[in-house]
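Next comes input.txt, a file with compact mmCIF, N, CA and C atoms.
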# COMPACT_ATOMS: atom_id res chain seq x y z
N MET A 19 9.30 -18.73 13.92
CA MET A 19 8.30 -17.69 13.97
C MET A 19 8.89 -16.41 13.38
N LEU A 20 8.13 -15.72 12.57
CA LEU A 20 8.62 -14.52 11.90
C LEU A 20 8.44 -13.30 12.80
N PRO A 21 9.33 -12.30 12.68
CA PRO A 21 9.17 -11.10 13.49
C PRO A 21 7.93 -10.34 13.04
N PRO A 22 7.17 -9.79 13.97
CA PRO A 22 5.96 -9.06 13.60
C PRO A 22 6.29 -7.69 13.03
N VAL A 23 5.38 -7.17 12.25
CA VAL A 23 5.45 -5.81 11.76
C VAL A 23 4.26 -5.09 12.37
N ALA A 24 4.49 -3.99 13.03
CA ALA A 24 3.39 -3.25 13.65
C ALA A 24 3.13 -1.99 12.84
N LYS A 25 1.87 -1.63 12.69
CA LYS A 25 1.50 -0.48 11.87
C LYS A 25 0.24 0.14 12.43
N THR A 26 0.19 1.46 12.42
CA THR A 26 -1.06 2.15 12.68
C THR A 26 -1.42 2.87 11.40
N ARG A 27 -2.68 3.16 11.21
CA ARG A 27 -3.08 3.88 10.01
C ARG A 27 -4.31 4.70 10.28
N GLU A 28 -4.45 5.74 9.49
CA GLU A 28 -5.68 6.50 9.50
C GLU A 28 -6.65 5.78 8.58
N LYS A 29 -7.25 6.42 7.62
CA LYS A 29 -8.03 5.72 6.59
C LYS A 29 -7.04 4.81 5.90
N PRO A 30 -7.16 4.48 4.64
CA PRO A 30 -6.06 3.72 4.05
C PRO A 30 -4.75 4.42 4.39
N PRO A 31 -3.57 3.92 4.30
CA PRO A 31 -3.14 3.05 3.23
C PRO A 31 -3.54 1.59 3.43
N PHE A 32 -3.69 0.94 2.31
CA PHE A 32 -3.94 -0.49 2.31
C PHE A 32 -2.65 -1.17 1.89
N PRO A 33 -2.01 -1.93 2.78
CA PRO A 33 -0.80 -2.64 2.37
C PRO A 33 -1.14 -3.82 1.46
N HIS A 34 -0.32 -4.02 0.47
CA HIS A 34 -0.47 -5.13 -0.47
C HIS A 34 0.79 -5.98 -0.37
N PRO A 35 0.70 -7.19 0.21
CA PRO A 35 1.90 -8.02 0.32
C PRO A 35 2.19 -8.76 -0.98
N PHE A 36 3.47 -8.95 -1.25
CA PHE A 36 3.95 -9.71 -2.40
C PHE A 36 4.79 -10.84 -1.88
N ARG A 37 4.80 -11.94 -2.59
CA ARG A 37 5.70 -13.04 -2.29
C ARG A 37 5.98 -13.73 -3.60
N ASP A 38 7.24 -14.02 -3.85
CA ASP A 38 7.63 -14.67 -5.11
C ASP A 38 7.12 -13.88 -6.32
N GLN A 39 7.23 -12.57 -6.25
CA GLN A 39 6.91 -11.65 -7.34
C GLN A 39 5.44 -11.68 -7.75
N ALA A 40 4.54 -11.98 -6.83
CA ALA A 40 3.11 -11.95 -7.13
C ALA A 40 2.36 -11.31 -5.97
N VAL A 41 1.34 -10.53 -6.29
CA VAL A 41 0.51 -9.95 -5.25
C VAL A 41 -0.20 -11.09 -4.53
N THR A 42 -0.10 -11.11 -3.20
CA THR A 42 -0.69 -12.22 -2.45
C THR A 42 -1.95 -11.82 -1.70
N GLY A 43 -2.31 -10.55 -1.73
CA GLY A 43 -3.55 -10.17 -1.06
C GLY A 43 -3.54 -8.73 -0.60
N LEU A 44 -4.56 -8.42 0.14
CA LEU A 44 -4.76 -7.09 0.68
C LEU A 44 -4.89 -7.22 2.18
N ILE A 45 -4.15 -6.41 2.91
CA ILE A 45 -4.26 -6.41 4.36
C ILE A 45 -5.16 -5.26 4.76
N GLU A 46 -6.34 -5.58 5.25
CA GLU A 46 -7.29 -4.55 5.70
C GLU A 46 -6.93 -4.14 7.11
N LEU A 47 -6.75 -2.86 7.34
CA LEU A 47 -6.47 -2.33 8.66
C LEU A 47 -7.65 -1.47 9.11
N ASN A 48 -7.81 -1.35 10.41
CA ASN A 48 -8.90 -0.53 10.95
C ASN A 48 -8.63 0.95 10.71
N ALA A 49 -9.67 1.69 10.39
CA ALA A 49 -9.54 3.14 10.18
C ALA A 49 -9.26 3.83 11.51
N GLN A 50 -8.31 4.76 11.49
CA GLN A 50 -7.99 5.56 12.67
C GLN A 50 -7.77 6.99 12.21
N LEU A 51 -7.70 7.90 13.14
CA LEU A 51 -7.47 9.30 12.80
C LEU A 51 -6.09 9.46 12.16
N PRO A 52 -5.92 10.43 11.27
CA PRO A 52 -4.61 10.66 10.67
C PRO A 52 -3.55 10.93 11.74
N LEU A 53 -2.36 10.38 11.51
CA LEU A 53 -1.26 10.59 12.46
C LEU A 53 -0.97 12.08 12.61
N GLY A 54 -0.89 12.53 13.86
CA GLY A 54 -0.57 13.92 14.14
C GLY A 54 -1.73 14.89 14.06
N MET A 55 -2.92 14.42 13.73
CA MET A 55 -4.06 15.33 13.61
C MET A 55 -4.41 15.95 14.95
N PHE A 56 -4.46 15.13 15.99
CA PHE A 56 -4.75 15.60 17.34
C PHE A 56 -3.66 15.08 18.26
N GLU A 57 -3.14 15.95 19.09
CA GLU A 57 -2.00 15.63 19.93
C GLU A 57 -2.22 14.44 20.85
N ASP A 58 -3.40 14.28 21.40
CA ASP A 58 -3.66 13.24 22.39
C ASP A 58 -4.31 11.99 21.82
N THR A 59 -4.28 11.81 20.51
CA THR A 59 -4.92 10.64 19.91
C THR A 59 -4.20 9.37 20.33
N VAL A 60 -4.97 8.38 20.72
CA VAL A 60 -4.44 7.06 21.04
C VAL A 60 -4.69 6.17 19.82
N TYR A 61 -3.65 5.54 19.33
CA TYR A 61 -3.75 4.69 18.15
C TYR A 61 -3.68 3.22 18.55
N THR A 62 -4.38 2.40 17.82
CA THR A 62 -4.34 0.96 18.01
C THR A 62 -3.30 0.38 17.07
N THR A 63 -2.39 -0.40 17.61
CA THR A 63 -1.38 -1.05 16.80
C THR A 63 -1.94 -2.35 16.26
N GLU A 64 -1.71 -2.60 14.98
CA GLU A 64 -2.16 -3.83 14.36
C GLU A 64 -0.92 -4.60 13.91
N HIS A 65 -0.96 -5.90 14.02
CA HIS A 65 0.20 -6.74 13.72
C HIS A 65 -0.08 -7.65 12.53
N PHE A 66 0.92 -7.84 11.72
CA PHE A 66 0.90 -8.84 10.66
C PHE A 66 2.33 -9.26 10.42
N ARG A 67 2.53 -10.37 9.80
CA ARG A 67 3.87 -10.91 9.61
C ARG A 67 4.30 -10.80 8.14
N THR A 68 5.60 -10.68 7.99
CA THR A 68 6.18 -10.68 6.66
C THR A 68 7.24 -11.79 6.60
N GLU A 69 7.60 -12.19 5.42
CA GLU A 69 8.62 -13.22 5.25
C GLU A 69 9.78 -12.67 4.44
N PRO A 70 10.99 -13.18 4.66
CA PRO A 70 12.12 -12.74 3.84
C PRO A 70 11.80 -12.96 2.36
N GLY A 71 12.16 -12.00 1.55
CA GLY A 71 11.86 -12.05 0.13
C GLY A 71 10.52 -11.45 -0.21
N GLY A 72 9.76 -11.09 0.80
CA GLY A 72 8.44 -10.49 0.57
C GLY A 72 8.54 -8.99 0.32
N ARG A 73 7.52 -8.45 -0.26
CA ARG A 73 7.44 -7.02 -0.55
C ARG A 73 6.10 -6.52 -0.02
N LEU A 74 6.11 -5.35 0.58
CA LEU A 74 4.90 -4.74 1.08
C LEU A 74 4.75 -3.38 0.42
N VAL A 75 3.63 -3.15 -0.24
CA VAL A 75 3.35 -1.86 -0.87
C VAL A 75 2.13 -1.27 -0.18
N ALA A 76 2.28 -0.08 0.37
CA ALA A 76 1.17 0.60 1.04
C ALA A 76 0.76 1.79 0.18
N VAL A 77 -0.53 1.94 -0.02
CA VAL A 77 -1.06 3.05 -0.81
C VAL A 77 -2.12 3.78 0.00
N SER A 78 -2.21 5.07 -0.18
CA SER A 78 -3.20 5.88 0.52
C SER A 78 -4.52 5.88 -0.25
N ASP A 79 -5.54 6.43 0.39
CA ASP A 79 -6.83 6.54 -0.29
C ASP A 79 -6.75 7.47 -1.49
N GLY A 80 -5.76 8.35 -1.53
CA GLY A 80 -5.54 9.20 -2.68
C GLY A 80 -5.06 8.42 -3.90
N VAL A 81 -4.69 7.18 -3.71
CA VAL A 81 -4.36 6.26 -4.80
C VAL A 81 -5.51 5.28 -4.96
N TYR A 82 -5.88 4.67 -3.88
CA TYR A 82 -6.86 3.58 -3.88
C TYR A 82 -8.22 4.00 -4.43
N ASP A 83 -8.69 5.19 -4.06
CA ASP A 83 -10.04 5.62 -4.40
C ASP A 83 -10.16 6.48 -5.66
N VAL A 84 -9.07 6.73 -6.37
CA VAL A 84 -9.13 7.57 -7.57
C VAL A 84 -9.98 6.89 -8.64
N THR A 85 -10.85 7.67 -9.25
CA THR A 85 -11.69 7.12 -10.32
C THR A 85 -11.23 7.62 -11.68
N SER A 86 -11.41 6.78 -12.66
CA SER A 86 -11.09 7.14 -14.05
C SER A 86 -12.23 8.01 -14.58
N PRO A 87 -12.04 8.62 -15.74
CA PRO A 87 -13.14 9.39 -16.34
C PRO A 87 -14.40 8.54 -16.56
N SER A 88 -14.24 7.21 -16.70
CA SER A 88 -15.41 6.34 -16.89
C SER A 88 -16.01 5.88 -15.56
N GLY A 89 -15.38 6.28 -14.43
CA GLY A 89 -15.93 5.96 -13.11
C GLY A 89 -15.34 4.73 -12.43
N GLU A 90 -14.35 4.07 -13.05
CA GLU A 90 -13.74 2.89 -12.43
C GLU A 90 -12.74 3.31 -11.36
N ARG A 91 -12.90 2.77 -10.15
CA ARG A 91 -11.95 3.04 -9.07
C ARG A 91 -10.62 2.37 -9.40
N TYR A 92 -9.53 3.04 -9.07
CA TYR A 92 -8.19 2.51 -9.33
C TYR A 92 -7.99 1.16 -8.66
N SER A 93 -8.60 0.98 -7.50
CA SER A 93 -8.43 -0.27 -6.74
C SER A 93 -9.17 -1.45 -7.35
N GLU A 94 -10.09 -1.20 -8.27
CA GLU A 94 -10.87 -2.31 -8.85
C GLU A 94 -10.00 -3.25 -9.68
N ARG A 95 -9.18 -2.73 -10.57
CA ARG A 95 -8.31 -3.56 -11.41
C ARG A 95 -6.97 -2.91 -11.68
N ALA A 96 -6.95 -1.62 -11.87
CA ALA A 96 -5.74 -0.93 -12.31
C ALA A 96 -4.62 -1.00 -11.27
N LEU A 97 -4.95 -0.95 -9.99
CA LEU A 97 -3.91 -1.02 -8.96
C LEU A 97 -3.19 -2.37 -9.01
N ALA A 98 -3.93 -3.46 -9.11
CA ALA A 98 -3.30 -4.79 -9.20
C ALA A 98 -2.41 -4.88 -10.44
N ARG A 99 -2.88 -4.32 -11.56
CA ARG A 99 -2.05 -4.32 -12.78
C ARG A 99 -0.77 -3.52 -12.55
N ALA A 100 -0.89 -2.36 -11.90
CA ALA A 100 0.29 -1.52 -11.65
C ALA A 100 1.27 -2.23 -10.73
N LEU A 101 0.76 -2.87 -9.69
CA LEU A 101 1.65 -3.58 -8.77
C LEU A 101 2.33 -4.76 -9.46
N ASN A 102 1.60 -5.49 -10.26
CA ASN A 102 2.21 -6.61 -10.98
C ASN A 102 3.23 -6.14 -12.00
N SER A 103 2.97 -5.01 -12.66
CA SER A 103 3.90 -4.53 -13.67
C SER A 103 5.18 -3.95 -13.05
N THR A 104 5.16 -3.63 -11.76
CA THR A 104 6.34 -3.07 -11.10
C THR A 104 7.06 -4.09 -10.22
N ARG A 105 6.63 -5.34 -10.24
CA ARG A 105 7.17 -6.34 -9.31
C ARG A 105 8.66 -6.61 -9.47
N LEU A 106 9.21 -6.35 -10.64
CA LEU A 106 10.64 -6.60 -10.86
C LEU A 106 11.50 -5.37 -10.60
N LEU A 107 10.87 -4.24 -10.35
CA LEU A 107 11.62 -3.02 -10.07
C LEU A 107 12.17 -3.05 -8.66
N PRO A 108 13.28 -2.33 -8.42
CA PRO A 108 13.73 -2.16 -7.04
C PRO A 108 12.66 -1.39 -6.25
N ALA A 109 12.57 -1.64 -4.97
CA ALA A 109 11.55 -1.00 -4.13
C ALA A 109 11.57 0.53 -4.26
N SER A 110 12.74 1.10 -4.41
CA SER A 110 12.84 2.56 -4.49
C SER A 110 12.19 3.15 -5.74
N ARG A 111 11.98 2.34 -6.77
CA ARG A 111 11.40 2.84 -8.02
C ARG A 111 9.90 2.56 -8.14
N VAL A 112 9.37 1.73 -7.27
CA VAL A 112 7.96 1.35 -7.36
C VAL A 112 7.01 2.53 -7.14
N PRO A 113 7.19 3.37 -6.11
CA PRO A 113 6.23 4.46 -5.91
C PRO A 113 6.05 5.35 -7.13
N ARG A 114 7.14 5.79 -7.74
CA ARG A 114 7.04 6.66 -8.91
C ARG A 114 6.31 5.95 -10.06
N ALA A 115 6.63 4.69 -10.28
CA ALA A 115 5.99 3.94 -11.37
C ALA A 115 4.49 3.79 -11.13
N VAL A 116 4.10 3.49 -9.90
CA VAL A 116 2.67 3.35 -9.59
C VAL A 116 1.97 4.70 -9.75
N LEU A 117 2.59 5.77 -9.29
CA LEU A 117 1.98 7.10 -9.41
C LEU A 117 1.86 7.53 -10.87
N GLN A 118 2.81 7.14 -11.72
CA GLN A 118 2.71 7.45 -13.14
C GLN A 118 1.54 6.69 -13.77
N GLU A 119 1.36 5.43 -13.38
CA GLU A 119 0.22 4.67 -13.89
C GLU A 119 -1.09 5.22 -13.36
N LEU A 120 -1.08 5.70 -12.12
CA LEU A 120 -2.27 6.34 -11.55
C LEU A 120 -2.66 7.58 -12.35
N ALA A 121 -1.69 8.37 -12.73
CA ALA A 121 -1.97 9.57 -13.53
C ALA A 121 -2.62 9.20 -14.86
N GLY A 122 -2.17 8.12 -15.46
CA GLY A 122 -2.79 7.65 -16.70
C GLY A 122 -4.21 7.19 -16.49
N HIS A 123 -4.48 6.57 -15.35
CA HIS A 123 -5.83 6.09 -15.02
C HIS A 123 -6.77 7.27 -14.78
N ARG A 124 -6.27 8.26 -14.07
CA ARG A 124 -7.08 9.42 -13.70
C ARG A 124 -7.36 10.31 -14.90
N GLY A 125 -6.44 10.36 -15.84
CA GLY A 125 -6.60 11.23 -17.00
C GLY A 125 -6.28 12.67 -16.64
N VAL A 126 -6.94 13.60 -17.28
CA VAL A 126 -6.64 15.02 -17.08
C VAL A 126 -7.36 15.60 -15.86
N ILE A 127 -8.09 14.80 -15.13
CA ILE A 127 -8.82 15.26 -13.95
C ILE A 127 -7.82 15.58 -12.84
N ASP A 128 -8.01 16.71 -12.17
CA ASP A 128 -7.14 17.07 -11.05
C ASP A 128 -7.38 16.14 -9.87
N ALA A 129 -6.32 15.86 -9.13
CA ALA A 129 -6.42 14.99 -7.95
C ALA A 129 -7.22 15.68 -6.85
N ASP A 130 -8.09 14.89 -6.20
CA ASP A 130 -8.88 15.41 -5.08
C ASP A 130 -8.16 15.24 -3.75
N ASP A 131 -7.20 14.35 -3.70
CA ASP A 131 -6.56 13.97 -2.45
C ASP A 131 -5.08 13.69 -2.72
N GLY A 132 -4.27 13.75 -1.69
CA GLY A 132 -2.86 13.42 -1.83
C GLY A 132 -2.69 11.94 -2.09
N ALA A 133 -1.71 11.60 -2.90
CA ALA A 133 -1.44 10.20 -3.24
C ALA A 133 -0.10 9.79 -2.65
N MET A 134 -0.10 8.69 -1.89
CA MET A 134 1.10 8.21 -1.24
C MET A 134 1.28 6.73 -1.55
N VAL A 135 2.49 6.36 -1.96
CA VAL A 135 2.85 4.95 -2.19
C VAL A 135 4.18 4.70 -1.49
N VAL A 136 4.24 3.65 -0.70
CA VAL A 136 5.48 3.24 -0.02
C VAL A 136 5.71 1.78 -0.36
N CYS A 137 6.94 1.44 -0.68
CA CYS A 137 7.27 0.05 -1.02
C CYS A 137 8.46 -0.39 -0.17
N LEU A 138 8.29 -1.51 0.52
CA LEU A 138 9.33 -2.06 1.39
C LEU A 138 9.60 -3.51 1.00
N ASP A 139 10.87 -3.86 0.86
CA ASP A 139 11.25 -5.24 0.62
C ASP A 139 11.80 -5.82 1.92
N ARG A 140 11.33 -7.00 2.26
CA ARG A 140 11.81 -7.68 3.47
C ARG A 140 13.00 -8.54 3.10
N ARG A 141 14.10 -8.30 3.76
CA ARG A 141 15.31 -9.10 3.57
C ARG A 141 15.66 -9.74 4.89
N GLY A 142 16.59 -10.65 4.88
CA GLY A 142 17.04 -11.23 6.14
C GLY A 142 16.49 -12.61 6.38
N ARG A 143 16.72 -13.08 7.58
CA ARG A 143 16.34 -14.43 7.96
C ARG A 143 15.03 -14.44 8.71
N THR A 144 14.42 -15.60 8.78
CA THR A 144 13.28 -15.77 9.67
C THR A 144 13.82 -15.95 11.06
N SER A 145 13.04 -15.53 12.05
CA SER A 145 13.47 -15.73 13.42
C SER A 145 12.73 -16.92 13.99
N ASP A 146 13.33 -17.60 14.91
CA ASP A 146 12.70 -18.79 15.51
C ASP A 146 12.07 -18.44 16.83
Structure encoded using structure tokens:
Amino acid sequence: MLPPVAKTREKPPFPHPFRDQAVTGLIELNAQLPLGMFEDTVYTTEHFRTEPGGRLVAVSDGVYDVTSPSGERYSERALARALNSTRLLPASRVPRAVLQELAGHRGVIDADDGAMVVCLDRRGRTSD
């Protein structure tokens, strides 16, 4: 049995798991208030599993919902292309590369929201 990963989230980020250098899907999490917005907020923890050799990329709605000048949302096709094109990079270089591709998608339009990308590589053994 693999160790669980627990996560809370406000609106997105939407984690994108990778395995064997390919995007394997989208993990939909329930919308919650932004962390730290209200002192007494109770958050629901959501669980999902990762495997050694897997990669998890989380993006905020400031990445996911950005539209191009032609109206295409970044999440429709461009995000998957960006994630696939960065699959061989070390995890530490993925956020900058995705944000650079996002800037190209957005064009000269100013950002409406903050953009956050986090990339984590799972190493180690499976637990029994």
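Coordinates place CA of Leu117 (chain A) at a distance of 20.3 Å from CA of Ile45 (chain A).
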Val81 (chain A): which residues within 8 Å, counting all atoms listed in the file, same-chain residues fewer than 3 positions away excluded, as a list of chain:residue names?
A:Val77, A:Ser78, A:Val84, A:Thr85, A:Arg91, A:Tyr92, A:Ser93, A:Leu97, A:Leu117, A:Leu120, A:Asp131, A:Gly132, A:Ala133, A:Met134, A:Val135
What's the 7 Å shell around Pro87 (chain A), counting all atoms listed in the file, without same-chain residues fewer than 4 positions away, as a count of residues only?
3
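If you measure from each of A:Ser110, A:Asn48, A:Thr59, A:Ser88 to Val136 (chain A) using only C-alpha atoms, the closest one turns out to be A:Ser110.
Taking CA of Ala49 (chain A) and atom C of Ala96 (chain A) as the two end points, the separation is 22.4 Å.
CA of Cys137 (chain A) is positioned 14.4 Å from atom C of Ala98 (chain A).
Comparing the minimum interatomic distances between Ser86 (chain A) and each of A:Val116, A:Ala121, A:Leu51, A:Leu106, counting only C-alpha atoms, we find that A:Ala121 sits nearest.
Nearest to Ala115 (chain A) of all the residues A:Met55, A:Leu101, A:Tyr61, A:Pro70 is A:Leu101, based on all atoms listed in the file.
The residue that comes closest to Glu46 (chain A), out of A:Arg105, A:Gly71, A:Glu119, A:Ala76 and on the basis of only C-alpha atoms, is A:Ala76.
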